[in-house]
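Engineer: Structure supplied as work_36.txt; contents: compact mmCIF, C-alpha atoms.
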# COMPACT_ATOMS: atom_id res chain seq x y z
CA MET A 542 13.76 40.10 3.26
CA THR A 543 10.46 40.63 1.45
CA GLU A 544 7.24 39.00 2.48
CA PRO A 545 4.53 40.60 0.39
CA GLY A 546 1.04 40.03 1.77
CA THR A 547 2.07 37.21 4.07
CA THR A 548 0.17 37.26 7.32
CA PRO A 549 1.33 35.34 10.38
CA ALA A 550 -1.63 32.99 9.90
CA SER A 551 -0.71 32.20 6.29
CA ALA A 552 2.95 31.75 7.31
CA ALA A 553 1.81 29.32 10.00
CA ASP A 554 -0.31 27.51 7.41
CA ALA A 555 2.70 27.26 5.11
CA LEU A 556 4.85 25.81 7.91
CA ALA A 557 2.09 23.32 8.74
CA GLU A 558 2.02 22.29 5.07
CA ILE A 559 5.81 21.80 5.08
CA HIS A 560 5.55 19.62 8.21
CA ALA A 561 2.69 17.61 6.67
CA ARG A 562 4.60 16.96 3.45
CA ARG A 563 7.66 15.81 5.36
CA ASP A 564 5.47 13.48 7.41
CA GLN A 565 4.01 12.15 4.14
CA VAL A 566 7.49 11.37 2.76
CA VAL A 567 8.70 9.74 5.98
CA THR A 568 5.58 7.60 6.41
CA ALA A 569 5.60 6.43 2.79
CA THR A 570 9.24 5.36 2.90
CA LEU A 571 9.23 3.39 6.16
CA ILE A 572 9.87 -0.35 6.01
CA PRO A 573 6.48 -2.15 5.81
CA HIS A 574 5.23 -4.28 8.73
CA TRP A 575 5.40 -7.58 6.79
CA TYR A 576 9.17 -7.17 6.28
CA TRP A 577 10.08 -8.18 9.84
CA PRO A 578 8.32 -11.58 10.08
CA ALA A 579 9.37 -12.33 6.48
CA LEU A 580 13.02 -11.67 7.27
CA GLY A 581 12.71 -13.56 10.57
CA GLY A 582 11.26 -16.59 8.79
CA LEU A 583 14.12 -16.59 6.29
CA ILE A 584 16.71 -16.41 9.06
CA ILE A 585 15.09 -19.31 10.93
CA ALA A 586 14.90 -21.47 7.80
CA PHE A 587 18.50 -20.74 6.82
CA THR A 588 19.85 -21.41 10.33
CA ALA A 589 17.88 -24.65 10.59
CA ALA A 590 19.21 -25.75 7.20
CA VAL A 591 22.81 -25.09 8.28
CA GLU A 592 22.22 -26.87 11.58
CA THR A 593 21.16 -30.10 9.86
CA HIS A 594 24.86 -30.49 8.91
CA ARG A 595 23.73 -32.18 5.69
CA PRO A 596 25.55 -30.64 2.74
CA TRP A 597 22.63 -30.81 0.30
CA VAL A 598 20.23 -29.24 2.82
CA VAL A 599 22.77 -26.48 3.54
CA ALA A 600 23.18 -25.89 -0.21
CA VAL A 601 19.43 -25.78 -0.88
CA GLY A 602 18.86 -23.64 2.23
CA SER A 603 21.57 -21.16 1.20
CA VAL A 604 20.18 -20.73 -2.30
CA ALA A 605 16.61 -20.44 -0.98
CA TYR A 606 17.76 -17.88 1.60
CA ALA A 607 19.54 -15.80 -1.04
CA ILE A 608 16.50 -15.87 -3.35
CA GLY A 609 14.09 -15.14 -0.50
CA LEU A 610 16.21 -12.28 0.83
CA ALA A 611 16.52 -10.78 -2.65
CA ALA A 612 12.75 -11.03 -3.08
CA VAL A 613 11.95 -9.44 0.29
CA VAL A 614 14.51 -6.63 0.02
CA GLY A 615 13.74 -6.17 -3.68
CA ARG A 616 10.04 -5.72 -2.96
CA VAL A 617 10.81 -3.05 -0.38
CA VAL A 618 13.22 -1.26 -2.72
CA VAL A 619 10.94 -1.42 -5.77
CA ARG A 620 7.96 0.13 -3.98
CA HIS A 621 10.15 3.05 -2.90
CA ARG A 622 9.72 5.86 -5.37
CA ALA A 623 11.53 8.34 -3.19
CA GLN A 624 14.53 8.21 -0.88
CA VAL A 625 14.00 9.92 2.44
CA ARG A 626 16.73 12.42 3.22
CA THR A 627 19.38 10.65 5.28
CA SER A 628 20.05 13.69 7.46
CA LEU A 629 16.51 13.39 8.85
CA ILE A 630 17.57 10.22 10.68
CA GLY A 631 20.32 12.16 12.47
CA VAL A 632 22.84 10.85 14.98
CA HIS A 633 20.13 9.80 17.45
CA GLY A 634 18.32 7.72 14.84
CA ALA A 635 21.56 6.17 13.54
CA ILE A 636 22.61 5.18 17.07
CA THR A 637 19.15 3.68 17.66
CA ILE A 638 19.41 1.56 14.49
CA ALA A 639 22.97 0.42 15.30
CA GLY A 640 21.94 -0.40 18.89
CA TYR A 641 18.91 -2.33 17.65
CA VAL A 642 21.05 -4.47 15.36
CA LEU A 643 23.62 -5.12 18.11
CA VAL A 644 20.90 -6.16 20.56
CA LEU A 645 19.41 -8.56 18.01
CA VAL A 646 22.83 -10.12 17.30
CA ALA A 647 23.58 -10.41 21.04
CA LEU A 648 20.16 -11.97 21.62
CA SER A 649 20.71 -14.53 18.87
CA VAL A 650 24.22 -15.48 19.94
CA GLY A 651 23.40 -15.39 23.67
CA THR A 652 20.28 -17.55 23.28
CA GLY A 653 22.14 -19.97 21.02
CA PHE A 654 25.00 -20.45 23.49
CA ALA A 655 22.57 -20.76 26.39
CA ALA A 656 20.60 -23.41 24.53
CA GLU A 657 23.81 -25.31 23.75
CA ALA A 658 24.96 -25.10 27.38
CA ALA A 659 21.58 -26.45 28.43
CA GLY A 660 22.07 -29.43 26.11
CA LEU A 661 19.16 -28.54 23.83
CA ALA A 662 19.06 -29.74 20.24
CA TRP A 663 19.21 -27.12 17.44
CA PRO A 664 20.70 -24.35 19.63
CA ALA A 665 21.46 -21.95 16.75
CA THR A 666 17.92 -22.37 15.42
CA ILE A 667 16.56 -21.60 18.88
CA GLY A 668 18.68 -18.44 18.83
CA ALA A 669 17.33 -17.55 15.38
CA ILE A 670 13.73 -18.13 16.51
CA THR A 671 14.29 -15.82 19.48
CA THR A 672 15.73 -13.14 17.20
CA ALA A 673 12.95 -13.52 14.63
CA ALA A 674 10.33 -13.23 17.36
CA ALA A 675 12.06 -10.12 18.73
CA MET A 676 12.26 -8.58 15.25
CA THR A 677 8.60 -9.29 14.58
CA ALA A 678 7.58 -7.82 17.93
CA THR A 679 9.80 -4.75 17.78
CA GLY A 680 10.13 -3.93 14.06
CA LEU A 681 6.96 -1.88 13.91
CA PRO A 682 7.63 0.03 17.18
CA LEU A 683 11.14 0.77 15.87
CA MET A 684 9.67 2.23 12.68
CA ARG A 685 7.19 4.29 14.72
CA TYR A 686 10.06 5.62 16.83
CA LEU A 687 12.20 6.49 13.80
CA ARG A 688 9.22 8.20 12.18
CA ARG A 689 8.81 10.33 15.30
CA VAL A 690 12.54 11.16 15.29
CA MET A 691 12.37 12.24 11.65
CA ILE A 692 9.18 14.27 11.72
CA THR A 693 10.10 16.18 14.87
CA ARG A 694 13.45 17.38 13.58
CA PRO A 695 13.59 21.15 13.16
CA LEU A 696 12.72 22.38 9.67
CA GLY A 697 15.03 24.29 7.40
CA GLY A 698 18.61 23.21 7.85
CA GLY A 699 18.46 22.30 11.50
CA ARG A 700 17.06 25.44 12.98
CA MET B 506 21.15 28.13 10.72
CA SER B 507 19.78 29.79 7.57
CA THR B 508 19.35 33.47 6.92
CA PRO B 509 15.62 34.31 6.67
CA ARG B 510 14.81 35.01 3.02
CA PHE B 511 11.23 34.96 1.84
CA ASP B 512 11.07 33.24 -1.55
CA GLU B 513 8.01 34.05 -3.63
CA LEU B 514 8.80 31.35 -6.16
CA ILE B 515 8.64 28.66 -3.49
CA HIS B 516 5.74 30.21 -1.58
CA ALA B 517 3.15 29.64 -4.34
CA PRO B 518 0.90 26.90 -2.86
CA THR B 519 1.56 24.08 -5.33
CA ARG B 520 5.29 24.76 -5.47
CA LEU B 521 5.45 24.98 -1.66
CA SER B 522 3.99 21.47 -1.44
CA LEU B 523 6.29 20.23 -4.20
CA VAL B 524 9.46 21.72 -2.73
CA SER B 525 8.46 20.53 0.77
CA LEU B 526 8.24 16.96 -0.51
CA LEU B 527 11.57 17.30 -2.29
CA ALA B 528 13.22 18.86 0.76
CA ALA B 529 12.44 15.70 2.75
CA THR B 530 13.98 13.46 0.10
CA GLU B 531 17.33 12.78 -1.50
CA TRP B 532 15.38 12.23 -4.74
CA ALA B 533 11.83 11.45 -5.76
CA GLU B 534 10.32 9.95 -8.88
CA PHE B 535 8.04 12.05 -11.06
CA ARG B 536 5.25 9.51 -10.53
CA TYR B 537 5.65 9.70 -6.74
CA LEU B 538 5.36 13.50 -6.80
CA ARG B 539 2.37 13.41 -9.14
CA GLU B 540 0.51 10.91 -6.93
CA HIS B 541 1.27 12.66 -3.64
CA LEU B 542 0.38 16.11 -4.97
CA GLY B 543 -2.65 15.00 -6.96
CA LEU B 544 -1.46 16.84 -10.08
CA SER B 545 -1.70 15.96 -13.75
CA ASP B 546 1.49 15.18 -15.69
CA SER B 547 1.36 18.52 -17.47
CA ALA B 548 0.69 20.54 -14.30
CA LEU B 549 3.60 18.88 -12.49
CA SER B 550 5.89 19.30 -15.51
CA LYS B 551 5.06 22.99 -15.62
CA GLN B 552 5.93 23.48 -11.94
CA LEU B 553 9.13 21.47 -12.27
CA THR B 554 10.20 23.45 -15.33
CA THR B 555 9.72 26.69 -13.37
CA LEU B 556 11.84 25.34 -10.52
CA GLU B 557 14.46 23.94 -12.89
CA GLN B 558 14.79 27.30 -14.66
CA ALA B 559 15.40 28.91 -11.28
CA GLY B 560 18.12 26.34 -10.59
CA TYR B 561 16.17 24.86 -7.68
CA VAL B 562 15.76 21.31 -8.96
CA THR B 563 17.65 18.85 -11.10
CA ILE B 564 15.66 16.49 -13.33
CA ARG B 565 17.20 13.23 -14.48
CA LYS B 566 15.71 10.89 -17.03
CA SER B 567 16.85 7.28 -17.11
CA PHE B 568 15.64 3.78 -17.85
CA VAL B 569 15.03 0.97 -15.36
CA GLY B 570 14.91 -2.01 -17.69
CA LYS B 571 12.70 -0.78 -20.51
CA ARG B 572 10.76 1.63 -18.33
CA PRO B 573 11.61 5.31 -18.47
CA ARG B 574 12.10 6.87 -15.06
CA THR B 575 12.25 10.56 -14.26
CA SER B 576 13.70 11.49 -10.89
CA VAL B 577 13.82 14.92 -9.33
CA THR B 578 16.36 16.24 -6.84
CA LEU B 579 16.34 19.52 -4.95
CA SER B 580 19.60 21.26 -5.88
CA SER B 581 21.86 22.86 -3.29
CA ALA B 582 20.56 26.27 -4.43
CA GLY B 583 17.00 25.01 -4.04
CA ARG B 584 17.72 23.60 -0.60
CA ALA B 585 19.32 26.88 0.49
CA ALA B 586 16.33 28.83 -0.84
CA PHE B 587 13.92 26.48 0.93
CA ASP B 588 15.82 26.72 4.23
CA GLY B 589 15.84 30.52 3.94
CA HIS B 590 12.12 30.54 3.17
CA VAL B 591 11.36 28.33 6.18
CA ALA B 592 13.42 30.66 8.36
CA ALA B 593 11.47 33.64 7.01
CA LEU B 594 8.15 31.94 7.71
CA GLN B 595 9.29 31.02 11.21
CA GLU B 596 10.32 34.61 11.81
CA ILE B 597 6.92 35.92 10.71
CA VAL B 598 5.17 33.42 12.97
CA ALA B 599 7.51 34.08 15.91
CA ARG B 600 6.96 37.85 15.69
CA SER B 601 3.22 37.29 15.98
CA GLY B 602 3.44 34.93 18.94
CA LEU B 603 1.79 32.04 17.06
CA THR B 604 3.26 28.54 17.22
CA VAL B 605 3.37 25.70 14.72
CA LEU B 606 3.72 22.22 16.15
CA PRO B 607 5.08 19.37 14.01
CA GLY B 608 2.71 16.49 13.41
CA GLY B 609 3.14 13.23 15.27
Is it possible to give me this structure as structure tokens?

Structural biologist:
Amino acid sequence: MTEPGTTPASAADALAEIHARRDQVVTATLIPHWYWPALGGLIIAFTAAVETHRPWVVAVGSVAYAIGLAAVVGRVVVRHRAQVRTSLIGVHGAITIAGYVLVLVALSVGTGFAAEAAGLAWPATIGAITTAAAMTATGLPLMRYLRRVMITRPLGGGR
Amino acid sequence: MSTPRFDELIHAPTRLSLVSLLAATEWAEFRYLREHLGLSDSALSKQLTTLEQAGYVTIRKSFVGKRPRTSVTLSSAGRAAFDGHVAALQEIVARSGLTVLPGG
């Protein structure tokens, strides 16, 4: 190994620069805060359309949902000019994301069945509203958590 | 765990920043790198050419619709060199008793 003229201080500076650049990549590629309420709103509208049980409303709602979803996801994809390295997420991050999705699905289904059992009108929509509210409230904290997971991973091939 | 190997090509300040960005990505667009590094097109091209000649990056040119898009990927050789360089830096720091804490 050669390290011409590299002092411990300049090596520490270089490592700090590497950390800072990784943080820059991770922060720039996180899902933006507006994504969660936008997706939640689409889910509520689609569920409500289906729950009307009127074919034309279901048809219009389905098309509107598909267009809206494409627009929301497309906007997120288009603004990404770099793809964060998937290995930075790691097993812990992947389990967190999978758990988050499962909890949201369970919340939606559980609330919907509970609303139906209670004799409330529009039970599935109530479930969707609960899920959308949960997504809006927890989307940003989830991103903050994933950012922390990614930027605190050891540098240089998992050392 | 990588073998410590100080890499002078990577250690040059601008290239260290460039390779650090690329190491955190699967790929990055030329425009993204230029904006985040605050470099001119020609300065970034020069650095990328140096890294490409060393086999450290792969540059792909394509079109998205009618727009040309240049994306850059750190090659496996580049990633290995970067990991070895990080290990070398960590070793230098560790020997001195200094510590570097990741941002948060």

Engineer: Separation of CA of Ile564 (chain B) and CA of Ser576 (chain B), in Å?

Structural biologist: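 So the answer is 5.9 Å.
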
Engineer: Please indicate the distance in Å from CA of Ile638 (chain A) to CA of Arg688 (chain A), rounded to one decimal place.

Structural biologist: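 These atoms are spaced 12.4 Å apart.
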
Engineer: With all atoms listed in the file considered, list every residue of chain B at most 10 Å from chain A, as a ChimeraX atom specification.

Structural biologist: /B:506-513,516-518,521-538,541-542,576-578,584-609

Engineer: Give as a list of chain:residue names the set of residues within 10 Å of the point (23.6, -25.5, 2.5), where distances use the file's coordinates and all atoms listed in the file.

Structural biologist: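 Checking each residue against the 10 Å limit leaves A:Phe587, A:Thr588, A:Ala589, A:Ala590, A:Val591, A:Glu592, A:Thr593, A:His594, A:Arg595, A:Pro596, A:Trp597, A:Val598, A:Val599, A:Ala600, A:Val601, A:Gly602, A:Ser603, A:Val604, A:Ala605, A:Tyr606.
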
Engineer: For Met684 (chain A), list every protein, DNA or RNA residue within 12 Å, evaluated using all atoms listed in the file, and leave out those in the same chain fewer than 6 positions away; present the list as an MDAnalysis selection string.

Structural biologist: chainID A and resid 567:574 576:577 630 634 637:638 641 676:678 690:691

Engineer: Given 8 Å on each side, where is the centre and what are the edge lengths in Å to one decimal of the axis-aligned box enclosing the listed atoms of region 542-553 of chain B, as AutoDock Vina command-line options?

Structural biologist:
--center_x 3.2 --center_y 19.2 --center_z -11.2 --size_x 27.8 --size_y 24.5 --size_z 28.5

Engineer: What does the structure give for the distance between CA of Leu580 (chain A) and CA of Ala675 (chain A), in Å to one decimal?

Structural biologist: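 Those two atoms sit 11.6 Å apart.
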
Engineer: Please identify all polymer residues within 9 Å of Leu648 (chain A), counting only C-alpha atoms, omitting same-chain residues fewer than 6 positions from it, and present them as a PyMOL selection string.

Structural biologist: chain A and resi 668-669+671-672+675

Engineer: Could you tell me which of B:Leu514, B:Leu544, B:Val562, B:Leu553 comes closest to Leu579 (chain B) if we count all atoms listed in the file?

Structural biologist: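 Nearest to Leu579 (chain B): B:Val562.
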
Engineer: Name the closest residue to Arg539 (chain B) among the candidates B:Pro573, B:Ser581, B:Thr519, B:Glu557; distances are taken between atoms, counting all atoms listed in the file.

Structural biologist: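 The closest residue to Arg539 (chain B) is B:Thr519.
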
Engineer: Quick one: of A:Gly615, A:Ala635, A:Ala656, A:Val646, who's nearest to Tyr686 (chain A), counting all atoms listed in the file?

Structural biologist: A:Ala635
